[in-house]
Amino acid sequence: MHNLSLTQLAAGLRSKQFSSLELTQSFLNRINSYQQLNAYVTVSSELALQQAEAADRRLASGDATPLTGIPLAQKDIFCTQGIKTSCGSKMLDNFIAPYNATVIDHFNQAGAVMLGKLNMDEFAMGSSNETSFYGPSLNPWATDCVPGGSSGGSAVAVAARLAAAATGTDTGGSIRQPAAHCGITGLKPTYGRVSRYGMIAYASSLDQGGPMARSAEDAALLMQVMAGFDSKDSTSVDQSVPDYSASLNDSLQGLKIGLPKEFFSSDLDSRMASTLLAAVDEYRKLGAEVVEVSMPTLALAIPAYYVIASAECSSNLSRFDGVRFGYRCHSPADLTDLYTRSRGEGFGSEVKRRILMGTYALSAGYYDAYYLKAQQVRRLISEDFKRALNEVDVLMGPVTPSPAFKIGEKTGDPVQMYLSDIYTIAINLAGLPALALPAGFIDDKPVGLQVIGNYFSEAKLLNIGHRYQQVTDWHLQQPHGFE
């Protein structure tokens, strides 16, 4: 059962080939069998079985949605009432959320089963899942390699069939990068398409939740539940939600694809370039036209992103002070000691680094030189994308500069770690949607193709991904030992 797609699972539940309770227990057994992957922070077995029983009753009554009774898992950044929501941090290791994030409510209303909460880089700050307080998740394709981050646990759970699908969040590539490293499909939606209410903030103008699944077809079903306006989120966009599954099989005849020459420069590993260009050739066979485009400001994306994201994280994480909730130091001498030690002991080194960078960038005398300048560069990057997407329908390129790297390989060099997101962060700065698709292997490790669209073109991106997956089988490959 664990190898079936969401559509196949839904059909099996409706035809009574198996019950949601049987399906859920099957996934719980797999989670228990593969604990060494460290994909889960919390396994909510009791809740999952209760939800499965309720789903079976709902299925029997004929009042079911496509996801009713299907076992999913949530990134541990979405507040879940009565369940620990840690954000991968010691700071929130004891935090039991008193309410549900809107995304969690949507899945509950759809009748989905929640298997548990998934491991992640601390407060979503990382590209490898190595900053997690609970230790890194392991890439099932090569367990000595990182799964990518920050949604590493989500990617591992889907790739190793420890959940039928999962949620992730993407601030600078945190859905797409782990999806590429683990050989699954991940969609970063348009900023404002999915509610951020109850999603613990890292960088508020960049964070966006999205689906992580084995295929574009499965991602469309998840997106149908996740998307929509939310009055509780001031950044949510009040725009109707299309049927994401309805256009999956639309023809790609005449589709115009742009390849940014900055993505395919000499900096990209030649094997990566060859693998991705072979994927682009499949689109030519499907009737697409491919042209080269230029986006000269892409080179400025990393410095602009790390100023803006760090500044916003400095502000957002100021609430974790040891007073109201979360970690509190033992026997503080006074209020200053309480603040200082609680934050010093509760946050990991990468989070502290970004708070310090952000506080510096926002400080008097440096605001104009760094933060304001970064926002101006952000506008230039957005204009570059606007010009390019006026010439073509979508852009294509790499998700990552290389396949998954070894655990510990880049932890001593933060700049090299930041460069892992060189092909993804510009999309977040512009607020655009982008899809990561499995497109091949290098040294037996997955490689991802990135497809970037215009605002609110998620349905088109899923269509482009689905048509590719109809003529290739990269998304069907499974890591050895986790079949």
# chains A, B, ... in the order shown; residues from 1 in each chain; ligands from 1
$ select_by_dssp --residues "region 105-214 of chain A" --states "strand (DSSP E)" --output "ChimeraX atom specification"
/A:113-118,166-169,185-188,209-213
$ write_last_selection --atoms "N, CA and C atoms" --output "mmCIF file, in the first residue's frame"
data_model
loop_
_atom_site.group_PDB
_atom_site.id
_atom_site.type_symbol
_atom_site.label_atom_id
_atom_site.label_comp_id
_atom_site.auth_asym_id
_atom_site.auth_seq_id
_atom_site.Cartn_x
_atom_site.Cartn_y
_atom_site.Cartn_z
ATOM 1 N N VAL A 113 -5.320 12.012 7.537
ATOM 2 C CA VAL A 113 -4.773 11.472 8.784
ATOM 3 C C VAL A 113 -3.379 12.044 8.991
ATOM 4 N N MET A 114 -3.082 12.544 10.199
ATOM 5 C CA MET A 114 -1.755 13.085 10.478
ATOM 6 C C MET A 114 -0.911 12.066 11.228
ATOM 7 N N LEU A 115 0.139 11.580 10.568
ATOM 8 C CA LEU A 115 1.021 10.589 11.175
ATOM 9 C C LEU A 115 1.953 11.200 12.212
ATOM 10 N N GLY A 116 2.304 12.465 12.040
ATOM 11 C CA GLY A 116 3.211 13.096 12.984
ATOM 12 C C GLY A 116 3.828 14.348 12.405
ATOM 13 N N LYS A 117 4.846 14.858 13.125
ATOM 14 C CA LYS A 117 5.523 16.101 12.769
ATOM 15 C C LYS A 117 6.955 15.786 12.341
ATOM 16 N N LEU A 118 7.386 16.431 11.274
ATOM 17 C CA LEU A 118 8.626 16.053 10.598
ATOM 18 C C LEU A 118 9.813 16.951 10.947
ATOM 19 N N ALA A 166 3.588 14.930 2.205
ATOM 20 C CA ALA A 166 3.918 15.775 3.358
ATOM 21 C C ALA A 166 3.827 17.238 2.981
ATOM 22 N N THR A 167 3.860 18.069 4.019
ATOM 23 C CA THR A 167 3.935 19.509 3.805
ATOM 24 C C THR A 167 5.363 19.982 4.051
ATOM 25 N N GLY A 168 5.678 21.119 3.474
ATOM 26 C CA GLY A 168 6.963 21.761 3.701
ATOM 27 C C GLY A 168 6.763 23.262 3.701
ATOM 28 N N THR A 169 7.811 23.990 3.984
ATOM 29 C CA THR A 169 7.792 25.441 3.817
ATOM 30 C C THR A 169 9.054 25.850 3.085
ATOM 31 N N THR A 185 8.840 15.336 -5.698
ATOM 32 C CA THR A 185 8.296 16.546 -6.316
ATOM 33 C C THR A 185 7.916 17.537 -5.222
ATOM 34 N N GLY A 186 8.338 18.794 -5.371
ATOM 35 C CA GLY A 186 8.013 19.815 -4.382
ATOM 36 C C GLY A 186 7.599 21.109 -5.051
ATOM 37 N N LEU A 187 6.548 21.725 -4.550
ATOM 38 C CA LEU A 187 6.037 22.970 -5.137
ATOM 39 C C LEU A 187 6.118 24.105 -4.123
ATOM 40 N N LYS A 188 6.822 25.167 -4.482
ATOM 41 C CA LYS A 188 6.811 26.405 -3.713
ATOM 42 C C LYS A 188 5.775 27.312 -4.377
ATOM 43 N N GLY A 209 4.250 28.067 2.614
ATOM 44 C CA GLY A 209 4.028 26.637 2.731
ATOM 45 C C GLY A 209 3.669 26.033 1.387
ATOM 46 N N GLY A 210 3.942 24.731 1.236
ATOM 47 C CA GLY A 210 3.612 24.066 -0.017
ATOM 48 C C GLY A 210 3.670 22.556 0.115
ATOM 49 N N PRO A 211 3.262 21.839 -0.924
ATOM 50 C CA PRO A 211 3.205 20.377 -0.895
ATOM 51 C C PRO A 211 4.508 19.711 -1.310
ATOM 52 N N MET A 212 4.762 18.534 -0.709
ATOM 53 C CA MET A 212 5.888 17.683 -1.090
ATOM 54 C C MET A 212 5.330 16.281 -1.283
ATOM 55 N N ALA A 213 5.491 15.744 -2.485
ATOM 56 C CA ALA A 213 4.859 14.476 -2.835
ATOM 57 C C ALA A 213 5.722 13.736 -3.843
#
$ select_by_dssp --residues "region 246-312 of chain A" --states "alpha helix (DSSP H)" --output "PyMOL selection string"
chain A and resi 270-285+301-312
$ write_last_selection --atoms "N, CA and C atoms" --output "PDB file, in the first residue's frame"
ATOM      1  N   SER A 270      29.190  20.268 -14.903  1.00  0.00           N
ATOM      2  CA  SER A 270      28.864  19.858 -16.274  1.00  0.00           C
ATOM      3  C   SER A 270      27.912  18.670 -16.307  1.00  0.00           C
ATOM      4  N   ARG A 271      28.034  17.774 -15.329  1.00  0.00           N
ATOM      5  CA  ARG A 271      27.118  16.618 -15.285  1.00  0.00           C
ATOM      6  C   ARG A 271      25.708  17.058 -14.941  1.00  0.00           C
ATOM      7  N   MET A 272      25.589  18.052 -14.063  1.00  0.00           N
ATOM      8  CA  MET A 272      24.270  18.601 -13.743  1.00  0.00           C
ATOM      9  C   MET A 272      23.659  19.240 -14.986  1.00  0.00           C
ATOM     10  N   ALA A 273      24.470  20.022 -15.685  1.00  0.00           N
ATOM     11  CA  ALA A 273      23.971  20.702 -16.882  1.00  0.00           C
ATOM     12  C   ALA A 273      23.484  19.690 -17.923  1.00  0.00           C
ATOM     13  N   SER A 274      24.254  18.633 -18.159  1.00  0.00           N
ATOM     14  CA  SER A 274      23.871  17.621 -19.146  1.00  0.00           C
ATOM     15  C   SER A 274      22.574  16.918 -18.759  1.00  0.00           C
ATOM     16  N   THR A 275      22.450  16.589 -17.476  1.00  0.00           N
ATOM     17  CA  THR A 275      21.248  15.906 -16.994  1.00  0.00           C
ATOM     18  C   THR A 275      20.015  16.781 -17.173  1.00  0.00           C
ATOM     19  N   LEU A 276      20.157  18.060 -16.836  1.00  0.00           N
ATOM     20  CA  LEU A 276      19.017  18.969 -16.923  1.00  0.00           C
ATOM     21  C   LEU A 276      18.656  19.293 -18.365  1.00  0.00           C
ATOM     22  N   LEU A 277      19.644  19.429 -19.214  1.00  0.00           N
ATOM     23  CA  LEU A 277      19.359  19.708 -20.629  1.00  0.00           C
ATOM     24  C   LEU A 277      18.692  18.510 -21.299  1.00  0.00           C
ATOM     25  N   ALA A 278      19.003  17.305 -20.817  1.00  0.00           N
ATOM     26  CA  ALA A 278      18.304  16.112 -21.316  1.00  0.00           C
ATOM     27  C   ALA A 278      16.831  16.168 -20.919  1.00  0.00           C
ATOM     28  N   ALA A 279      16.552  16.673 -19.728  1.00  0.00           N
ATOM     29  CA  ALA A 279      15.159  16.832 -19.296  1.00  0.00           C
ATOM     30  C   ALA A 279      14.448  17.877 -20.150  1.00  0.00           C
ATOM     31  N   VAL A 280      15.142  18.963 -20.443  1.00  0.00           N
ATOM     32  CA  VAL A 280      14.560  20.005 -21.299  1.00  0.00           C
ATOM     33  C   VAL A 280      14.249  19.440 -22.681  1.00  0.00           C
ATOM     34  N   ASP A 281      15.109  18.540 -23.182  1.00  0.00           N
ATOM     35  CA  ASP A 281      14.856  17.911 -24.487  1.00  0.00           C
ATOM     36  C   ASP A 281      13.543  17.138 -24.492  1.00  0.00           C
ATOM     37  N   GLU A 282      13.176  16.543 -23.353  1.00  0.00           N
ATOM     38  CA  GLU A 282      11.889  15.847 -23.276  1.00  0.00           C
ATOM     39  C   GLU A 282      10.739  16.817 -23.508  1.00  0.00           C
ATOM     40  N   TYR A 283      10.906  18.035 -23.052  1.00  0.00           N
ATOM     41  CA  TYR A 283       9.865  19.036 -23.273  1.00  0.00           C
ATOM     42  C   TYR A 283       9.791  19.449 -24.736  1.00  0.00           C
ATOM     43  N   ARG A 284      10.947  19.470 -25.404  1.00  0.00           N
ATOM     44  CA  ARG A 284      10.920  19.736 -26.845  1.00  0.00           C
ATOM     45  C   ARG A 284      10.094  18.672 -27.564  1.00  0.00           C
ATOM     46  N   LYS A 285      10.274  17.413 -27.152  1.00  0.00           N
ATOM     47  CA  LYS A 285       9.511  16.316 -27.763  1.00  0.00           C
ATOM     48  C   LYS A 285       8.016  16.454 -27.494  1.00  0.00           C
ATOM     49  N   ALA A 301      21.336  37.813  -5.838  1.00  0.00           N
ATOM     50  CA  ALA A 301      20.275  37.239  -5.022  1.00  0.00           C
ATOM     51  C   ALA A 301      20.758  36.797  -3.641  1.00  0.00           C
ATOM     52  N   ILE A 302      21.906  36.117  -3.581  1.00  0.00           N
ATOM     53  CA  ILE A 302      22.359  35.585  -2.287  1.00  0.00           C
ATOM     54  C   ILE A 302      22.647  36.694  -1.278  1.00  0.00           C
ATOM     55  N   PRO A 303      23.450  37.716  -1.599  1.00  0.00           N
ATOM     56  CA  PRO A 303      23.663  38.767  -0.591  1.00  0.00           C
ATOM     57  C   PRO A 303      22.372  39.492  -0.203  1.00  0.00           C
ATOM     58  N   ALA A 304      21.496  39.758  -1.168  1.00  0.00           N
ATOM     59  CA  ALA A 304      20.235  40.435  -0.851  1.00  0.00           C
ATOM     60  C   ALA A 304      19.375  39.568   0.057  1.00  0.00           C
ATOM     61  N   TYR A 305      19.297  38.291  -0.267  1.00  0.00           N
ATOM     62  CA  TYR A 305      18.461  37.372   0.515  1.00  0.00           C
ATOM     63  C   TYR A 305      18.940  37.267   1.949  1.00  0.00           C
ATOM     64  N   TYR A 306      20.225  37.082   2.151  1.00  0.00           N
ATOM     65  CA  TYR A 306      20.714  36.851   3.511  1.00  0.00           C
ATOM     66  C   TYR A 306      20.684  38.108   4.376  1.00  0.00           C
ATOM     67  N   VAL A 307      20.650  39.282   3.770  1.00  0.00           N
ATOM     68  CA  VAL A 307      20.416  40.501   4.549  1.00  0.00           C
ATOM     69  C   VAL A 307      18.942  40.579   4.949  1.00  0.00           C
ATOM     70  N   ILE A 308      18.047  40.393   3.968  1.00  0.00           N
ATOM     71  CA  ILE A 308      16.610  40.525   4.237  1.00  0.00           C
ATOM     72  C   ILE A 308      16.115  39.431   5.169  1.00  0.00           C
ATOM     73  N   ALA A 309      16.461  38.186   4.873  1.00  0.00           N
ATOM     74  CA  ALA A 309      15.979  37.067   5.691  1.00  0.00           C
ATOM     75  C   ALA A 309      16.519  37.166   7.116  1.00  0.00           C
ATOM     76  N   SER A 310      17.784  37.535   7.266  1.00  0.00           N
ATOM     77  CA  SER A 310      18.364  37.642   8.604  1.00  0.00           C
ATOM     78  C   SER A 310      17.737  38.792   9.388  1.00  0.00           C
ATOM     79  N   ALA A 311      17.459  39.892   8.706  1.00  0.00           N
ATOM     80  CA  ALA A 311      16.812  41.021   9.377  1.00  0.00           C
ATOM     81  C   ALA A 311      15.426  40.624   9.878  1.00  0.00           C
ATOM     82  N   GLU A 312      14.679  39.925   9.053  1.00  0.00           N
ATOM     83  CA  GLU A 312      13.329  39.522   9.453  1.00  0.00           C
ATOM     84  C   GLU A 312      13.367  38.464  10.546  1.00  0.00           C
TER      85      GLU A 312
END
$ atom_distance --atom1 "CA of Tyr202 (chain A)" --atom2 "CA of Ala112 (chain A)"
26.8 Å
$ closest_residue --among "A:Phe325, A:Tyr191, A:Tyr371, A:Tyr34" --to "Asp238 (chain A)" --atoms "only C-alpha atoms"
A:Tyr191
$ atom_distance --atom1 "CA of Asn454 (chain A)" --atom2 "CA of Lys386 (chain A)"
8.0 Å
$ atom_distance --atom1 "CA of Arg196 (chain A)" --atom2 "CA of His181 (chain A)"
25.3 Å
$ residues_around --residues "Ala60 (chain A)" --least-positions-apart "3" --cutoff "10 Å" --atoms "only C-alpha atoms" --output "JSON, numbers by chain"
{"A": [13, 14, 16, 54, 55, 56, 57, 63, 64]}
$ closest_residue --among "A:Ala52, A:Ala299, A:Ile464, A:Leu435" --to "Pro189 (chain A)" --atoms "only C-alpha atoms"
A:Leu435
$ residues_around --residues "Gly82 (chain A)" --least-positions-apart "6" --cutoff "8 Å" --atoms "only C-alpha atoms" --output "ChimeraX atom specification"
/A:96-99
$ closest_residue --among "A:Thr340, A:Gln109, A:Thr359, A:Ser33" --to "Arg161 (chain A)" --atoms "only C-alpha atoms"
A:Ser33
$ residues_around --residues "Ala459 (chain A)" --least-positions-apart "6" --cutoff "8 Å" --atoms "only C-alpha atoms" --output "ChimeraX atom specification"
/A:220,242-245,247-248
$ residues_around --residues "Ala159 (chain A)" --least-positions-apart "4" --cutoff "12 Å" --atoms "only C-alpha atoms" --output "ChimeraX atom specification"
/A:2-3,37,39,138-142,147,152-155,163-166,178-186,212-215,438,446,475-483
$ closest_residue --among "A:Met357, A:Leu395, A:Ala434, A:Leu222" --to "Lys256 (chain A)" --atoms "only C-alpha atoms"
A:Leu395
$ closest_residue --among "A:Glu350, A:Gly322, A:Met223, A:Val399" --to "Asp337 (chain A)" --atoms "only C-alpha atoms"
A:Gly322
$ residues_around --residues "Tyr418 (chain A)" --least-positions-apart "2" --cutoff "10 Å" --atoms "only C-alpha atoms" --output "ChimeraX atom specification"
/A:126-127,172,302-303,306,410,413-416,420-422,425
$ write_last_selection --atoms "C-alpha atoms" --output "CSV table (one decimal), in the first residue's frame"
chain,number,residue,atom,x,y,z
A,126,GLY,CA,19.5,25.7,7.0
A,127,SER,CA,20.0,23.9,3.7
A,172,GLY,CA,14.8,30.4,0.1
A,302,ILE,CA,22.4,35.6,-2.3
A,303,PRO,CA,23.7,38.8,-0.6
A,306,TYR,CA,20.7,36.9,3.5
A,410,LYS,CA,29.8,22.1,4.7
A,413,ASP,CA,31.8,27.0,6.1
A,414,PRO,CA,28.5,28.9,6.4
A,415,VAL,CA,29.1,30.7,3.1
A,416,GLN,CA,29.4,27.4,1.2
A,420,SER,CA,23.5,25.6,-1.8
A,421,ASP,CA,20.5,27.8,-2.4
A,422,ILE,CA,22.0,29.8,-5.3
A,425,ILE,CA,16.4,32.1,-3.4
$ closest_residue --among "A:Met1, A:Ile104, A:Ile200, A:Leu356" --to "Leu162 (chain A)" --atoms "only C-alpha atoms"
A:Met1
$ decode --residues "region 133-158 of chain A" --atoms "C-alpha atoms" --output "PDB file, in the first residue's frame"
ATOM      1  CA  PHE A 133      18.167  20.188  17.596  1.00  0.00           C
ATOM      2  CA  TYR A 134      17.193  16.544  17.016  1.00  0.00           C
ATOM      3  CA  GLY A 135      20.035  15.799  14.624  1.00  0.00           C
ATOM      4  CA  PRO A 136      19.859  15.532  10.838  1.00  0.00           C
ATOM      5  CA  SER A 137      17.480  13.361   8.905  1.00  0.00           C
ATOM      6  CA  LEU A 138      19.336  10.948   6.626  1.00  0.00           C
ATOM      7  CA  ASN A 139      18.898  10.882   2.872  1.00  0.00           C
ATOM      8  CA  PRO A 140      17.473   7.428   2.016  1.00  0.00           C
ATOM      9  CA  TRP A 141      19.351   7.433  -1.309  1.00  0.00           C
ATOM     10  CA  ALA A 142      22.682   7.744   0.543  1.00  0.00           C
ATOM     11  CA  THR A 143      22.423   7.731   4.305  1.00  0.00           C
ATOM     12  CA  ASP A 144      25.799   9.414   4.722  1.00  0.00           C
ATOM     13  CA  CYS A 145      24.442  12.417   2.801  1.00  0.00           C
ATOM     14  CA  VAL A 146      22.143  15.270   3.763  1.00  0.00           C
ATOM     15  CA  PRO A 147      18.512  15.269   2.575  1.00  0.00           C
ATOM     16  CA  GLY A 148      18.542  19.033   2.038  1.00  0.00           C
ATOM     17  CA  GLY A 149      16.771  21.601   4.126  1.00  0.00           C
ATOM     18  CA  SER A 150      15.021  23.030   5.795  1.00  0.00           C
ATOM     19  CA  SER A 151      12.167  20.609   4.953  1.00  0.00           C
ATOM     20  CA  GLY A 152      14.529  17.624   5.066  1.00  0.00           C
ATOM     21  CA  GLY A 153      12.334  15.412   7.240  1.00  0.00           C
ATOM     22  CA  SER A 154       9.412  15.945   4.851  1.00  0.00           C
ATOM     23  CA  ALA A 155      11.488  14.918   1.829  1.00  0.00           C
ATOM     24  CA  VAL A 156      12.874  11.858   3.613  1.00  0.00           C
ATOM     25  CA  ALA A 157       9.411  10.742   4.770  1.00  0.00           C
ATOM     26  CA  VAL A 158       8.007  10.909   1.242  1.00  0.00           C
TER      27      VAL A 158
END
